[in-house]
>>> print(open('query36.pdb').read())   # PDB, C-alpha atoms
MODEL        1
ATOM      1  CA  MET A  22     131.738  72.994 126.036
ATOM      2  CA  THR A  23     131.157  74.798 122.725
ATOM      3  CA  LEU A  24     129.491  78.191 122.914
ATOM      4  CA  SER A  25     126.104  78.234 121.149
ATOM      5  CA  ILE A  26     124.354  81.336 119.841
ATOM      6  CA  GLY A  27     120.951  81.608 118.205
ATOM      7  CA  ILE A  28     120.509  84.344 115.596
ATOM      8  CA  PHE A  29     116.859  85.362 115.184
ATOM      9  CA  ALA A  30     116.296  87.627 112.167
ATOM     10  CA  SER A  31     114.852  87.796 108.678
ATOM     11  CA  LYS A  32     116.775  86.358 105.750
ATOM     12  CA  GLY A  33     119.076  88.433 103.578
ATOM     13  CA  ILE A  34     120.299  91.023 106.113
ATOM     14  CA  PRO A  35     124.000  91.723 105.379
ATOM     15  CA  GLN A  36     125.123  92.462 108.947
ATOM     16  CA  VAL A  37     123.399  89.302 110.231
ATOM     17  CA  GLU A  38     124.979  87.145 107.522
ATOM     18  CA  SER A  39     128.391  88.635 108.315
ATOM     19  CA  LEU A  40     127.901  88.003 112.040
ATOM     20  CA  ILE A  41     126.989  84.334 111.461
ATOM     21  CA  GLN A  42     129.994  83.835 109.178
ATOM     22  CA  LYS A  43     132.454  85.377 111.622
ATOM     23  CA  LEU A  44     130.992  83.436 114.568
ATOM     24  CA  ALA A  45     131.387  80.189 112.616
ATOM     25  CA  GLU A  46     135.039  81.052 111.912
ATOM     26  CA  THR A  47     135.711  81.177 115.666
ATOM     27  CA  GLY A  48     134.254  77.693 116.212
ATOM     28  CA  VAL A  49     131.011  78.922 117.807
ATOM     29  CA  ASP A  50     127.810  76.994 117.096
ATOM     30  CA  ALA A  51     125.783  79.745 115.411
ATOM     31  CA  PHE A  52     122.216  78.791 114.482
ATOM     32  CA  PHE A  53     120.037  80.961 112.254
ATOM     33  CA  PHE A  54     116.281  81.118 112.899
ATOM     34  CA  ASP A  55     114.082  82.835 110.316
ATOM     35  CA  MET A  56     111.669  85.196 112.109
ATOM     36  CA  GLY A  57     109.570  85.256 108.943
ATOM     37  CA  LEU A  58     108.307  81.836 110.128
ATOM     38  CA  PRO A  59     107.981  80.211 106.675
ATOM     39  CA  PRO A  60     105.673  77.162 106.464
ATOM     40  CA  GLU A  61     108.532  74.645 106.640
ATOM     41  CA  GLU A  62     109.648  75.902 110.073
ATOM     42  CA  ARG A  63     108.354  74.024 113.123
ATOM     43  CA  VAL A  64     108.438  75.920 116.397
ATOM     44  CA  CYS A  65     106.987  74.608 119.628
ATOM     45  CA  LEU A  66     106.603  76.145 123.072
ATOM     46  CA  TYR A  67     106.008  73.698 125.883
ATOM     47  CA  GLU A  68     106.012  73.760 129.669
ATOM     48  CA  THR A  69     109.726  73.278 130.214
ATOM     49  CA  GLY A  70     111.231  74.862 127.114
ATOM     50  CA  ALA A  71     111.032  75.712 123.430
ATOM     51  CA  ARG A  72     112.092  73.854 120.306
ATOM     52  CA  TRP A  73     112.751  75.154 116.776
ATOM     53  CA  ASN A  74     112.801  72.249 114.318
ATOM     54  CA  ASP A  75     115.243  69.857 116.050
ATOM     55  CA  ILE A  76     117.070  72.455 118.181
ATOM     56  CA  GLU A  77     116.261  72.930 121.861
ATOM     57  CA  LEU A  78     116.375  76.721 122.226
ATOM     58  CA  THR A  79     116.669  76.814 126.027
ATOM     59  CA  GLU A  80     120.107  75.175 125.705
ATOM     60  CA  LEU A  81     121.510  78.180 123.824
ATOM     61  CA  ASN A  82     124.027  80.383 125.637
ATOM     62  CA  TYR A  83     123.020  83.559 123.762
ATOM     63  CA  ALA A  84     120.111  84.733 121.634
ATOM     64  CA  TYR A  85     120.716  87.620 119.218
ATOM     65  CA  VAL A  86     117.439  89.142 117.999
ATOM     66  CA  HIS A  87     117.454  91.571 115.076
ATOM     67  CA  GLY A  88     114.456  93.288 113.495
ATOM     68  CA  PHE A  89     111.865  92.446 116.164
ATOM     69  CA  SER A  90     110.170  95.841 116.352
ATOM     70  CA  PHE A  91     107.421  96.561 118.850
ATOM     71  CA  GLN A  92     103.959  96.561 117.277
ATOM     72  CA  SER A  93     101.290  98.712 118.820
ATOM     73  CA  PRO A  94      98.129  96.717 119.555
ATOM     74  CA  VAL A  95      96.089  99.705 118.347
ATOM     75  CA  VAL A  96      94.560  98.890 114.970
ATOM     76  CA  PRO A  97      96.352 101.081 112.394
ATOM     77  CA  ASN A  98      94.838 102.885 109.440
ATOM     78  CA  HIS A  99      94.489 100.323 106.658
ATOM     79  CA  GLY A 100      95.220 102.923 103.970
ATOM     80  CA  GLY A 101      92.773 104.185 101.391
ATOM     81  CA  GLU A 102      94.376 102.369  98.451
ATOM     82  CA  ARG A 103      94.509  98.928 100.049
ATOM     83  CA  ASP A 104      91.774  96.350  99.712
ATOM     84  CA  TRP A 105      90.077  96.194 103.112
ATOM     85  CA  SER A 106      89.375  92.451 102.929
ATOM     86  CA  VAL A 107      93.078  91.737 102.328
ATOM     87  CA  TRP A 108      94.066  93.960 105.244
ATOM     88  CA  GLN A 109      91.549  92.194 107.516
ATOM     89  CA  ALA A 110      93.273  88.874 106.798
ATOM     90  CA  ASP A 111      96.885  90.106 106.949
ATOM     91  CA  TYR A 112      96.768  92.199 110.109
ATOM     92  CA  PRO A 113      95.556  89.507 112.573
ATOM     93  CA  ALA A 114      98.115  87.066 111.148
ATOM     94  CA  GLN A 115     100.868  89.628 111.605
ATOM     95  CA  GLN A 116      99.766  90.319 115.182
ATOM     96  CA  GLN A 117      99.627  86.605 116.000
ATOM     97  CA  LYS A 118     103.140  86.113 114.633
ATOM     98  CA  TYR A 119     104.403  89.021 116.736
ATOM     99  CA  SER A 120     102.650  87.683 119.840
ATOM    100  CA  PHE A 121     104.121  84.212 119.297
ATOM    101  CA  LEU A 122     107.687  85.506 118.880
ATOM    102  CA  HIS A 123     107.258  87.739 121.936
ATOM    103  CA  SER A 124     106.221  84.674 123.976
ATOM    104  CA  LEU A 125     109.168  82.718 122.583
ATOM    105  CA  PHE A 126     111.770  85.327 123.519
ATOM    106  CA  THR A 127     110.379  85.891 127.004
ATOM    107  CA  ARG A 128     110.368  82.105 127.493
ATOM    108  CA  LEU A 129     114.077  81.987 126.580
ATOM    109  CA  GLU A 130     114.803  84.776 129.071
ATOM    110  CA  ARG A 131     113.026  82.881 131.848
ATOM    111  CA  HIS A 132     115.080  79.776 131.074
ATOM    112  CA  GLY A 133     118.391  81.575 131.439
ATOM    113  CA  VAL A 134     119.298  82.195 127.798
ATOM    114  CA  ARG A 135     121.184  85.471 127.707
ATOM    115  CA  MET A 136     119.320  87.829 125.399
ATOM    116  CA  ILE A 137     121.710  90.148 123.584
ATOM    117  CA  THR A 138     118.632  92.224 122.771
ATOM    118  CA  PRO A 139     116.114  91.774 125.637
ATOM    119  CA  VAL A 140     112.445  92.111 124.737
ATOM    120  CA  GLU A 141     111.903  94.910 127.278
ATOM    121  CA  ALA A 142     114.767  96.921 125.777
ATOM    122  CA  LEU A 143     113.292  96.522 122.292
ATOM    123  CA  GLN A 144     109.874  97.659 123.503
ATOM    124  CA  ALA A 145     111.321 100.667 125.362
ATOM    125  CA  MET A 146     112.804 101.936 122.100
ATOM    126  CA  PHE A 147     109.315 102.271 120.568
ATOM    127  CA  ALA A 148     108.407 105.262 122.766
ATOM    128  CA  LYS A 149     111.577 107.253 122.139
ATOM    129  CA  HIS A 150     110.605 110.379 124.072
ATOM    130  CA  HIS A 151     109.582 108.327 127.105
ATOM    131  CA  LEU A 152     112.922 106.471 126.992
ATOM    132  CA  LEU A 153     114.905 109.715 126.873
ATOM    133  CA  GLN A 154     112.811 111.210 129.678
ATOM    134  CA  ASN A 155     113.583 108.198 131.869
ATOM    135  CA  LEU A 156     117.293 108.614 131.178
ATOM    136  CA  SER A 157     117.043 112.262 132.197
ATOM    137  CA  ARG A 158     115.418 111.233 135.492
ATOM    138  CA  ASP A 159     118.263 108.772 136.044
ATOM    139  CA  GLY A 160     120.793 111.596 135.898
ATOM    140  CA  PHE A 161     121.865 111.513 132.260
ATOM    141  CA  SER A 162     122.023 114.718 130.243
ATOM    142  CA  VAL A 163     119.278 114.913 127.627
ATOM    143  CA  PRO A 164     118.605 118.124 125.655
ATOM    144  CA  GLU A 165     115.385 120.016 126.295
ATOM    145  CA  MET A 166     112.629 118.384 124.249
ATOM    146  CA  LEU A 167     108.990 118.957 123.400
ATOM    147  CA  VAL A 168     106.358 116.623 121.941
ATOM    148  CA  THR A 169     103.471 118.559 120.449
ATOM    149  CA  ASN A 170     101.185 118.944 117.462
ATOM    150  CA  VAL A 171     100.081 122.443 118.526
ATOM    151  CA  PRO A 172     101.667 125.032 116.189
ATOM    152  CA  GLN A 173     101.761 127.792 118.824
ATOM    153  CA  GLU A 174     103.649 125.600 121.318
ATOM    154  CA  ALA A 175     106.148 124.556 118.661
ATOM    155  CA  GLU A 176     106.714 128.176 117.605
ATOM    156  CA  LYS A 177     107.446 129.241 121.208
ATOM    157  CA  PHE A 178     109.900 126.354 121.605
ATOM    158  CA  CYS A 179     111.721 127.297 118.397
ATOM    159  CA  GLU A 180     111.926 130.949 119.471
ATOM    160  CA  LYS A 181     113.487 129.862 122.759
ATOM    161  CA  HIS A 182     116.371 127.932 121.161
ATOM    162  CA  GLU A 183     118.912 129.029 118.577
ATOM    163  CA  ILE A 184     118.813 125.722 116.670
ATOM    164  CA  VAL A 185     115.972 123.185 116.867
ATOM    165  CA  ILE A 186     115.914 119.689 115.388
ATOM    166  CA  TRP A 187     113.080 117.167 115.058
ATOM    167  CA  ARG A 188     112.341 113.481 114.556
ATOM    168  CA  PRO A 189     109.245 111.204 114.724
ATOM    169  CA  GLN A 190     108.396 109.774 118.135
ATOM    170  CA  ASN A 191     108.648 106.144 117.060
ATOM    171  CA  GLY A 192     110.922 103.914 115.059
ATOM    172  CA  LYS A 193     114.344 104.508 113.578
ATOM    173  CA  ALA A 194     114.792 108.024 112.218
ATOM    174  CA  ALA A 195     117.453 110.697 111.881
ATOM    175  CA  TRP A 196     117.244 114.033 113.654
ATOM    176  CA  GLN A 197     116.721 116.809 111.102
ATOM    177  CA  LEU A 198     116.924 120.559 111.191
ATOM    178  CA  CYS A 199     113.594 122.220 112.018
ATOM    179  CA  LEU A 200     113.309 125.538 110.236
ATOM    180  CA  GLU A 201     110.044 127.425 109.757
ATOM    181  CA  LYS A 202     109.256 125.508 106.560
ATOM    182  CA  GLN A 203     109.701 122.161 108.300
ATOM    183  CA  ARG A 204     107.801 123.280 111.400
ATOM    184  CA  THR A 205     104.722 124.362 109.454
ATOM    185  CA  ALA A 206     104.746 121.066 107.547
ATOM    186  CA  ILE A 207     105.119 118.648 110.468
ATOM    187  CA  ILE A 208     103.225 120.433 113.279
ATOM    188  CA  HIS A 209      99.466 120.163 112.836
ATOM    189  CA  PRO A 210      96.578 118.960 115.048
ATOM    190  CA  ASP A 211      95.727 116.296 112.461
ATOM    191  CA  LEU A 212      99.289 114.890 112.379
ATOM    192  CA  PRO A 213     101.149 112.724 114.929
ATOM    193  CA  PRO A 214     103.207 114.993 117.216
ATOM    194  CA  PRO A 215     106.961 114.785 116.522
ATOM    195  CA  ILE A 216     109.782 115.362 119.017
ATOM    196  CA  LEU A 217     111.437 118.782 118.936
ATOM    197  CA  ALA A 218     114.789 119.223 120.655
ATOM    198  CA  SER A 219     117.326 121.940 121.208
ATOM    199  CA  ALA A 220     120.546 121.305 119.281
ATOM    200  CA  ILE A 221     123.641 121.269 121.492
ATOM    201  CA  LYS A 222     126.641 122.601 119.608
ATOM    202  CA  GLY A 223     129.385 120.048 119.123
ATOM    203  CA  PRO A 224     130.322 116.978 117.073
ATOM    204  CA  VAL A 225     127.701 114.313 116.371
ATOM    205  CA  VAL A 226     129.004 110.986 117.710
ATOM    206  CA  ARG A 227     127.707 107.409 117.491
ATOM    207  CA  SER A 228     129.010 104.678 119.762
ATOM    208  CA  TRP A 229     128.156 100.977 119.626
ATOM    209  CA  ILE A 230     128.254  99.361 123.073
ATOM    210  CA  PHE A 231     128.443  95.718 124.150
ATOM    211  CA  ASN A 232     128.559  94.707 127.813
ATOM    212  CA  GLY A 233     129.220  98.313 128.755
ATOM    213  CA  ASN A 234     132.304  98.608 126.501
ATOM    214  CA  PRO A 235     132.464 100.729 123.327
ATOM    215  CA  LEU A 236     133.177  98.508 120.326
ATOM    216  CA  LEU A 237     133.362 101.373 117.840
ATOM    217  CA  THR A 238     132.855 105.123 118.174
ATOM    218  CA  LEU A 239     132.511 107.387 115.140
ATOM    219  CA  ARG A 240     132.182 111.113 114.665
ATOM    220  CA  SER A 241     130.071 112.464 111.802
ATOM    221  CA  ALA A 242     130.910 115.444 109.627
ATOM    222  CA  PRO A 243     128.312 117.033 107.315
ATOM    223  CA  PRO A 244     128.460 116.340 103.578
ATOM    224  CA  SER A 245     130.142 118.856 101.341
ATOM    225  CA  ALA A 246     128.930 120.064  97.957
ATOM    226  CA  ALA A 247     132.239 121.810  97.267
ATOM    227  CA  VAL A 248     134.485 120.182  94.681
ATOM    228  CA  PRO A 249     135.426 117.429  95.191
ATOM    229  CA  GLU A 250     131.993 116.563  96.557
ATOM    230  CA  ARG A 251     131.694 114.065  99.380
ATOM    231  CA  LEU A 252     128.941 112.515 101.429
ATOM    232  CA  GLU A 253     128.807 112.312 105.226
ATOM    233  CA  GLN A 254     132.338 111.820 106.555
ATOM    234  CA  LEU A 255     132.832 109.347 109.419
ATOM    235  CA  SER A 256     135.994 109.245 111.522
ATOM    236  CA  THR A 257     137.009 107.362 114.643
ATOM    237  CA  PHE A 258     136.505 109.179 117.928
ATOM    238  CA  ASP A 259     138.159 108.619 121.305
ATOM    239  CA  SER A 260     135.423 107.467 123.694
ATOM    240  CA  SER A 261     137.720 106.842 126.682
ATOM    241  CA  PRO A 262     136.677 110.053 128.546
ATOM    242  CA  PHE A 263     133.062 108.790 128.497
ATOM    243  CA  GLU A 264     133.566 105.098 129.289
ATOM    244  CA  LYS A 265     132.248 105.324 132.865
ATOM    245  CA  GLU A 266     129.123 107.154 131.738
ATOM    246  CA  LEU A 267     128.594 104.761 128.821
ATOM    247  CA  SER A 268     128.986 101.791 131.189
ATOM    248  CA  ARG A 269     126.421 103.306 133.566
ATOM    249  CA  LEU A 270     124.121 103.901 130.601
ATOM    250  CA  ALA A 271     124.340 100.217 129.644
ATOM    251  CA  GLU A 272     123.511  99.189 133.207
ATOM    252  CA  THR A 273     120.542 101.574 133.339
ATOM    253  CA  LEU A 274     119.131 100.362 130.010
ATOM    254  CA  GLY A 275     119.572  96.693 130.880
ATOM    255  CA  ALA A 276     120.675  96.140 127.288
ATOM    256  CA  PRO A 277     124.011  94.421 126.570
ATOM    257  CA  TRP A 278     124.040  95.652 122.948
ATOM    258  CA  PHE A 279     122.971  99.087 121.730
ATOM    259  CA  GLN A 280     123.962 102.243 119.849
ATOM    260  CA  VAL A 281     123.942 105.671 121.457
ATOM    261  CA  LEU A 282     123.908 108.986 119.585
ATOM    262  CA  PHE A 283     125.353 111.886 121.568
ATOM    263  CA  VAL A 284     127.070 115.249 121.434
ATOM    264  CA  PRO A 285     130.146 115.483 123.698
ATOM    265  CA  GLN A 286     131.095 118.589 125.635
ATOM    266  CA  GLY A 287     134.356 118.156 127.497
ATOM    267  CA  LYS A 288     133.998 114.933 129.511
ATOM    268  CA  HIS A 289     130.233 115.243 129.388
ATOM    269  CA  LEU A 290     127.805 113.841 126.826
ATOM    270  CA  TRP A 291     124.308 114.887 125.729
ATOM    271  CA  ILE A 292     122.206 111.905 124.680
ATOM    272  CA  TYR A 293     119.930 112.239 121.636
ATOM    273  CA  ASP A 294     119.080 108.661 120.779
ATOM    274  CA  ILE A 295     119.324 105.052 121.922
ATOM    275  CA  ASP A 296     118.939 102.122 119.541
ATOM    276  CA  THR A 297     118.855  98.688 121.201
ATOM    277  CA  ASP A 298     118.686  96.958 117.809
ATOM    278  CA  PRO A 299     121.246  98.862 115.743
ATOM    279  CA  ILE A 300     121.445  98.627 111.975
ATOM    280  CA  TYR A 301     124.981  99.295 110.804
ATOM    281  CA  ASP A 302     125.286  97.792 107.319
ATOM    282  CA  TRP A 303     125.078 101.379 105.990
ATOM    283  CA  LEU A 304     128.565 102.014 107.406
ATOM    284  CA  PRO A 305     131.634 102.017 105.178
ATOM    285  CA  GLU A 306     132.953  98.464 104.932
ATOM    286  CA  ILE A 307     136.007  99.154 107.095
ATOM    287  CA  TYR A 308     133.803 100.193 110.027
ATOM    288  CA  ALA A 309     131.105  97.547 109.554
ATOM    289  CA  ASP A 310     133.777  94.822 109.598
ATOM    290  CA  THR A 311     135.449  96.300 112.666
ATOM    291  CA  LEU A 312     132.143  96.454 114.513
ATOM    292  CA  THR A 313     131.168  92.871 113.626
ATOM    293  CA  ASN A 314     134.617  91.542 114.566
ATOM    294  CA  ASN A 315     134.541  93.331 117.908
ATOM    295  CA  LEU A 316     131.002  92.129 118.623
ATOM    296  CA  VAL A 317     132.083  88.546 117.927
ATOM    297  CA  ALA A 318     135.112  89.021 120.194
ATOM    298  CA  GLY A 319     132.830  90.292 122.962
ATOM    299  CA  LEU A 320     130.497  87.310 122.575
ATOM    300  CA  VAL A 321     133.265  84.691 122.721
ATOM    301  CA  GLY A 322     135.129  86.507 125.497
ATOM    302  CA  THR A 323     138.325  87.407 123.658
ATOM    303  CA  PRO A 324     140.067  90.810 123.334
ATOM    304  CA  ALA A 325     138.746  93.196 120.700
ATOM    305  CA  ALA A 326     139.634  91.880 117.267
ATOM    306  CA  GLN A 327     140.386  95.385 115.977
ATOM    307  CA  LYS A 328     141.128  98.549 117.888
ATOM    308  CA  ASN A 329     139.389 101.852 117.262
ATOM    309  CA  GLU A 330     142.382 103.164 115.282
ATOM    310  CA  ASP A 331     142.375 106.638 113.744
ATOM    311  CA  SER A 332     140.737 106.511 110.329
ATOM    312  CA  SER A 333     138.057 108.203 108.276
ATOM    313  CA  ALA A 334     135.745 107.209 105.450
ATOM    314  CA  LYS A 335     132.752 108.704 103.704
ATOM    315  CA  ARG A 336     129.397 106.977 103.742
ATOM    316  CA  PRO A 337     128.819 104.974 100.568
ATOM    317  CA  ALA A 338     125.930 105.761  98.235
ATOM    318  CA  ILE A 339     124.569 104.424  94.955
ATOM    319  CA  PHE A 340     123.296 107.776  93.726
ATOM    320  CA  LEU A 341     124.380 109.126  90.351
ATOM    321  CA  ARG A 342     126.415 112.331  90.350
ATOM    322  CA  ARG A 343     123.472 114.451  89.213
ATOM    323  CA  MET A 344     121.501 113.164  92.216
ATOM    324  CA  LEU A 345     124.105 114.264  94.759
ATOM    325  CA  ARG A 346     122.708 117.786  95.090
ATOM    326  CA  ILE A 347     119.361 116.401  96.305
ATOM    327  CA  LEU A 348     121.177 114.121  98.742
ATOM    328  CA  PHE A 349     123.310 117.009 100.040
ATOM    329  CA  ASP A 350     120.226 119.130 100.659
ATOM    330  CA  PHE A 351     118.589 116.288 102.560
ATOM    331  CA  GLU A 352     121.641 115.470 104.677
ATOM    332  CA  ASN A 353     122.285 119.108 105.529
ATOM    333  CA  CYS A 354     118.907 119.065 107.315
ATOM    334  CA  LYS A 355     120.502 116.723 109.870
ATOM    335  CA  TYR A 356     123.019 119.335 110.967
ATOM    336  CA  GLY A 357     123.001 122.834 112.343
ATOM    337  CA  LYS A 358     123.362 125.978 110.308
TER     338      LYS A 358
ENDMDL
END
>>> encode(input="query36.pdb", output="structure tokens")
Amino acid sequence: MTLSIGIFASKGIPQVESLIQKLAETGVDAFFFDMGLPPEERVCLYETGARWNDIELTELNYAYVHGFSFQSPVVPNHGGERDWSVWQADYPAQQQKYSFLHSLFTRLERHGVRMITPVEALQAMFAKHHLLQNLSRDGFSVPEMLVTNVPQEAEKFCEKHEIVIWRPQNGKAAWQLCLEKQRTAIIHPDLPPPILASAIKGPVVRSWIFNGNPLLTLRSAPPSAAVPERLEQLSTFDSSPFEKELSRLAETLGAPWFQVLFVPQGKHLWIYDIDTDPIYDWLPEIYADTLTNNLVAGLVGTPAAQKNEDSSAKRPAIFLRRMLRILFDFENCKYGK
């Protein structure tokens, strides 16, 4: 029996296109489903299953969902520059599309389709601080954090720790250095409260996990403005001392596929972020290809296509040379002093 995998995403995403191509090369039936739901698509939910055009979705072995971000049911600010009548029409349609796709994916789960990105795992990622707090309660090491929009509380937290970093509570975002200038700009009663965290000293490491096994683990080094200039340097990192903890993390999250950002100390790791729908097309080509090949190997049940061999590469960028200084200043905010 041929393995069948449904890929649910928007069109034109490089890592999704690469995944479909490499799955097809292995003989897997890989079907692409456009989550944009253009008019020509016909999707039907019925009592015993779900059908997309002429494909019965409940007969899929796997469903890979990319770009299905949780949408808060709270009505957002329409924005002062946007025509209110247009917003009134667009927002309900967007919510209905989200609700329909949510029903579709939960229906597939109930019918035994293995979700590479379960709906619950995608929703948990929306409230990042809550997710990290739950991991701390489950025995994982998470740095001390604070969510506040009260300037006095933030100032006390920053005084308590040598280095403090921050990020928004929701969505995909990088941790950045929180100096006094940043703190006064982001902490205000009229602004959404960000997450502040103490910065554990050590290398910044990202690991992409599938079925509890690291597919690729990379260490980040800050950019350098010294001649010759370079952007963020990425190099392979040995994750074997942390494999048991990473496997337990996968079991706790209930997510077969995710990225974890951590700082290792000895055989111990401090968790800063979890992404159950990782975007990795920003990686240098050598790493993006390795990750896609290993993900395909994990899906079809074969040994890793490429090992995590020692290598290093800088992150690509399209900026002109005279723009590098601005980029360096921005990236340096993601690291300690």
>>> closest_atom_pairs(input="query36.pdb", of="range 243-343 of chain A", to="range 147-156 of chain A", cutoff="12 Å", atoms="all atoms listed in the file", output="JSON lines")
{"residue": "A:Glu266", "atom": "CA", "partner": "A:Leu156", "partner_atom": "CA", "distance": 11.9}
{"residue": "A:Arg269", "atom": "CA", "partner": "A:Leu156", "partner_atom": "CA", "distance": 10.8}
{"residue": "A:Leu270", "atom": "CA", "partner": "A:Leu156", "partner_atom": "CA", "distance": 8.3}
{"residue": "A:Ala271", "atom": "CA", "partner": "A:Leu156", "partner_atom": "CA", "distance": 11.1}
{"residue": "A:Glu272", "atom": "CA", "partner": "A:Leu156", "partner_atom": "CA", "distance": 11.5}
{"residue": "A:Thr273", "atom": "CA", "partner": "A:Leu156", "partner_atom": "CA", "distance": 8.0}
{"residue": "A:Leu274", "atom": "CA", "partner": "A:Leu156", "partner_atom": "CA", "distance": 8.5}
{"residue": "A:Val281", "atom": "CA", "partner": "A:Leu153", "partner_atom": "CA", "distance": 11.3}
{"residue": "A:Leu282", "atom": "CA", "partner": "A:Leu153", "partner_atom": "CA", "distance": 11.6}
{"residue": "A:Phe283", "atom": "CA", "partner": "A:Leu153", "partner_atom": "CA", "distance": 11.9}
{"residue": "A:Trp291", "atom": "CA", "partner": "A:Leu153", "partner_atom": "CA", "distance": 10.8}
{"residue": "A:Ile292", "atom": "CA", "partner": "A:Leu153", "partner_atom": "CA", "distance": 7.9}
{"residue": "A:Tyr293", "atom": "CA", "partner": "A:Leu153", "partner_atom": "CA", "distance": 7.7}
{"residue": "A:Asp294", "atom": "CA", "partner": "A:Leu153", "partner_atom": "CA", "distance": 7.5}
{"residue": "A:Ile295", "atom": "CA", "partner": "A:Lys149", "partner_atom": "CA", "distance": 8.1}
{"residue": "A:Asp296", "atom": "CA", "partner": "A:Lys149", "partner_atom": "CA", "distance": 9.3}
{"residue": "A:Thr297", "atom": "CA", "partner": "A:Phe147", "partner_atom": "CA", "distance": 10.2}
{"residue": "A:Asp298", "atom": "CA", "partner": "A:Phe147", "partner_atom": "CA", "distance": 11.1}
>>> resolve_selection(input="query36.pdb", expression="the PyMOL selection byres ((chain A and resi 70) around 12)", output="PDB file with C-alpha atoms, in the coordinates of the input")
ATOM      1  CA  VAL A  64     108.438  75.920 116.397  1.00  0.00           C
ATOM      2  CA  CYS A  65     106.987  74.608 119.628  1.00  0.00           C
ATOM      3  CA  LEU A  66     106.603  76.145 123.072  1.00  0.00           C
ATOM      4  CA  TYR A  67     106.008  73.698 125.883  1.00  0.00           C
ATOM      5  CA  GLU A  68     106.012  73.760 129.669  1.00  0.00           C
ATOM      6  CA  THR A  69     109.726  73.278 130.214  1.00  0.00           C
ATOM      7  CA  ALA A  71     111.032  75.712 123.430  1.00  0.00           C
ATOM      8  CA  ARG A  72     112.092  73.854 120.306  1.00  0.00           C
ATOM      9  CA  TRP A  73     112.751  75.154 116.776  1.00  0.00           C
ATOM     10  CA  ILE A  76     117.070  72.455 118.181  1.00  0.00           C
ATOM     11  CA  GLU A  77     116.261  72.930 121.861  1.00  0.00           C
ATOM     12  CA  LEU A  78     116.375  76.721 122.226  1.00  0.00           C
ATOM     13  CA  THR A  79     116.669  76.814 126.027  1.00  0.00           C
ATOM     14  CA  GLU A  80     120.107  75.175 125.705  1.00  0.00           C
ATOM     15  CA  LEU A  81     121.510  78.180 123.824  1.00  0.00           C
ATOM     16  CA  SER A 124     106.221  84.674 123.976  1.00  0.00           C
ATOM     17  CA  LEU A 125     109.168  82.718 122.583  1.00  0.00           C
ATOM     18  CA  PHE A 126     111.770  85.327 123.519  1.00  0.00           C
ATOM     19  CA  THR A 127     110.379  85.891 127.004  1.00  0.00           C
ATOM     20  CA  ARG A 128     110.368  82.105 127.493  1.00  0.00           C
ATOM     21  CA  LEU A 129     114.077  81.987 126.580  1.00  0.00           C
ATOM     22  CA  GLU A 130     114.803  84.776 129.071  1.00  0.00           C
ATOM     23  CA  ARG A 131     113.026  82.881 131.848  1.00  0.00           C
ATOM     24  CA  HIS A 132     115.080  79.776 131.074  1.00  0.00           C
ATOM     25  CA  GLY A 133     118.391  81.575 131.439  1.00  0.00           C
ATOM     26  CA  VAL A 134     119.298  82.195 127.798  1.00  0.00           C
TER      27      VAL A 134
END
>>> residues_around(input="query36.pdb", residues="range 303-318 of chain A", least_positions_apart="6", cutoff="10 Å", atoms="all atoms listed in the file", output="NGL selection string")
:A and (35-37 or 39-41 or 43-45 or 47 or 49 or 229-232 or 235-239 or 254-257 or 278 or 324-329 or 332-338)
>>> residues_around(input="query36.pdb", residues="Lys118 in chain A", least_positions_apart="6", cutoff="10 Å", atoms="all atoms listed in the file", output="PyMOL selection string")
chain A and resi 56-58+112+124
>>> atom_distance(input="query36.pdb", atom1="CA of Gln173 in chain A", atom2="CA of Pro189 in chain A")
18.7 Å
>>> residues_around(input="query36.pdb", residues="Phe89 in chain A", least_positions_apart="6", cutoff="9 Å", atoms="all atoms listed in the file", output="PDB file with C-alpha atoms, in the coordinates of the input")
ATOM      1  CA  PHE A  29     116.859  85.362 115.184  1.00  0.00           C
ATOM      2  CA  ALA A  30     116.296  87.627 112.167  1.00  0.00           C
ATOM      3  CA  MET A  56     111.669  85.196 112.109  1.00  0.00           C
ATOM      4  CA  TYR A 119     104.403  89.021 116.736  1.00  0.00           C
ATOM      5  CA  LEU A 122     107.687  85.506 118.880  1.00  0.00           C
ATOM      6  CA  HIS A 123     107.258  87.739 121.936  1.00  0.00           C
ATOM      7  CA  VAL A 140     112.445  92.111 124.737  1.00  0.00           C
ATOM      8  CA  LEU A 143     113.292  96.522 122.292  1.00  0.00           C
ATOM      9  CA  ASP A 298     118.686  96.958 117.809  1.00  0.00           C
TER      10      ASP A 298
END
>>> atom_distance(input="query36.pdb", atom1="CA of Gly275 in chain A", atom2="CA of Lys222 in chain A")
29.1 Å
>>> resolve_selection(input="query36.pdb", expression="the PyMOL selection byres ((chain A and resi 199) around 8)", output="list in words")
Ile184, Val185, Ile186, Trp187, Gln197, Leu198, Leu200, Glu201, Lys202, Gln203, Arg204 and Cys354 of chain A
>>> residues_near_point(input="query36.pdb", point="(119.5, 85.4, 118.4)", cutoff="7 Å", atoms="all atoms listed in the file", output="list in words")
Ile26, Gly27, Ile28, Phe29, Tyr83, Ala84, Tyr85 and Val86 of chain A
>>> write_last_selection(input="query36.pdb", atoms="C-alpha atoms", output="short mmCIF file (atom, residue, chain, number, x, y, z; two decimals), in the frame of the given file")
data_model
loop_
_atom_site.label_atom_id
_atom_site.label_comp_id
_atom_site.auth_asym_id
_atom_site.auth_seq_id
_atom_site.Cartn_x
_atom_site.Cartn_y
_atom_site.Cartn_z
CA ILE A 26 124.35 81.34 119.84
CA GLY A 27 120.95 81.61 118.20
CA ILE A 28 120.51 84.34 115.60
CA PHE A 29 116.86 85.36 115.18
CA TYR A 83 123.02 83.56 123.76
CA ALA A 84 120.11 84.73 121.63
CA TYR A 85 120.72 87.62 119.22
CA VAL A 86 117.44 89.14 118.00
#
